[in-house]
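One structure below.
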Amino acid sequence: MKLLLAFVTLSLIVSSLLCYSKEASVNTQTLSDISKKHKPQTIKILLHKDLPQAFLEAKGRYFVYNPQNDFLIASGIYSKKQPIFSQEAGLKWGELFPGVSQMRLVPGSSQSTILVNGIEYKGCVEIYDIKGKLHIINEIDIENYLRSTLSLQSLSELDEEVMDALAIIARTKAYYLANKDPLLHWHVTSLEIEYQGSALACQNPSIPACISRTRNMILTYQSAPFEASWTEDSGGKTASFSSIFRKNIMTPSGVDSPIASAQRENHNWSFVISKQQLARLLDVKSIQALDLYQDADSHKVYAIRYKDGNKLKQMDFFTLQKKLGAKLKSNEFTIDADEKTVCFTGYGKGHGVGLCLFSAICMAKNAKKTPEILNHFFPNTKLEHMERLSTKTKV
């Protein structure tokens, strides 16, 4: 009898342990971040930093996770709009989350969105409390990211082959940014890319179409995505990204562009500015000398050197262009200075790096396809299908 009782007791204990184990397994699955299951390639954009508070709104169903352990800490079926700010005990968004200094807000459906200070975003939003101030990040899948960022470009009425090429270039750069350092909290800032969320996305119907046609297609150089870009008119020759942006990274070399070269003289420009006015723009008292730093292969200008009294100073092309405005159309120019004035004479439009849009348009009109256009402007690269950075197949 005692033996039977012991056996029954042991059976009950084992049964209880199995039930507990099964329940714990279910709870672990429930607590894991749903946005990280079957996750597409994403990119993280820093929206705000060092904010004392922000207005955070979840439209529709939402989940709130702790990014430190991916545990579910709150959820809701209906919309919620409350200020979020830091307290000593933890973050407060309507309710206090004790001991929580990081929060990840995840939409509960494809129809749900998140607003930060009135601007709507697709994807997830992360909030980090750093010394009592908020850093807010939007994590969005690459395809939706392209819909938002390409919508800011003037790309209307372009041939499909050209649009597809631009979508692939933009996706290549996005993959490159997302691949730079997996430990970073964000890959790019909203100011750098003029990111405005999802409000402007897809107002140009040709943009979602080209993104869809080229889905997950990127260029790789030495088996990795790279800093790909395009310029409006190369003036006849493009430069490598690394030579103009002065970054120590591996990028394809520049190439000759015969189509732009043939129209070079028709796309020239010039303007004259007084030395006194130029000195004011450069924030110096006077300019005694002015020289150019040029890429040896393309002769594109990447910086200027000027002398103020006995002091030599330098300025990169992009800062100079911001100071001079639209008059400085490209970085392929020369200068001719006398005692009172400086004459800038140049060709083309843009920074002269990557795909030459003027040439690509002409190539498409002559029945060139997207792979051929890309191959010309990005030598020694491969067109590949890459759903995520860790998996790829050639196309």
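Going by the structure tokens order, chains are called A, B, ..., each with residues numbered from 1, while ligands are numbered from 1 in the order shown.
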Applying 8 Å and only C-alpha atoms, which residues near A:Ile142 remain after dropping the ones on its own chain fewer than 5 positions away? List them as a list in words.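 Answer for this query is Pro40, Gln41, Thr42, Ile43, Arg171, Ala174 and Tyr175 of chain A.
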Backbone DSSP call of alpha helix (DSSP H) for stretch 7-182 of chain A, listed as a ChimeraX atom specification: /A:7-31,142-150,160-179
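Remark: for A:Asn144, the closest of the candidate residues A:Gln321, A:Ser198, A:Asn216, A:Ser253 is A:Ser198 (distances computed over only C-alpha atoms).
With only C-alpha atoms as the atoms that count, the residue of A:Ile373, A:Leu320, A:Ile77, A:Val301 with the shortest distance to A:Tyr347 is A:Val301.
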List as an MDAnalysis selection string the protein and nucleic acid residues near A:Asn331, meaning an atom at most 9 Å away when only C-alpha atoms are counted, but skip any in the same chain fewer than 5 places from it. chainID A and resid 299:302 317:318 321 346:352
Resulting file, chosen residues, C-alpha atoms, as a PDB file, in the first residue's frame:
ATOM      1  CA  HIS A 299      39.381  66.033 -61.755  1.00  0.00           C
ATOM      2  CA  LYS A 300      36.295  66.483 -59.569  1.00  0.00           C
ATOM      3  CA  VAL A 301      36.808  68.913 -56.675  1.00  0.00           C
ATOM      4  CA  TYR A 302      36.511  67.415 -53.209  1.00  0.00           C
ATOM      5  CA  PHE A 317      33.033  70.688 -51.475  1.00  0.00           C
ATOM      6  CA  PHE A 318      29.668  69.960 -49.866  1.00  0.00           C
ATOM      7  CA  GLN A 321      28.161  74.246 -52.021  1.00  0.00           C
ATOM      8  CA  GLY A 346      32.119  74.186 -64.442  1.00  0.00           C
ATOM      9  CA  TYR A 347      30.222  71.370 -66.129  1.00  0.00           C
ATOM     10  CA  GLY A 348      27.361  69.057 -65.236  1.00  0.00           C
ATOM     11  CA  LYS A 349      25.281  68.934 -62.068  1.00  0.00           C
ATOM     12  CA  GLY A 350      25.729  67.117 -58.766  1.00  0.00           C
ATOM     13  CA  HIS A 351      28.610  65.444 -56.925  1.00  0.00           C
ATOM     14  CA  GLY A 352      29.702  63.344 -59.907  1.00  0.00           C
TER      15      GLY A 352
END
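Each of A:Glu227, A:Asp291, A:Asp129, A:Glu232 was compared to A:Thr172 using only C-alpha atoms, and A:Glu227 turns out to be the nearest.
Minimum atom-to-atom distances from A:Gly94, A:Pro52, A:Gly99, A:Gly354 to A:Lys173 were compared using only C-alpha atoms, and the lowest value belongs to A:Gly354.
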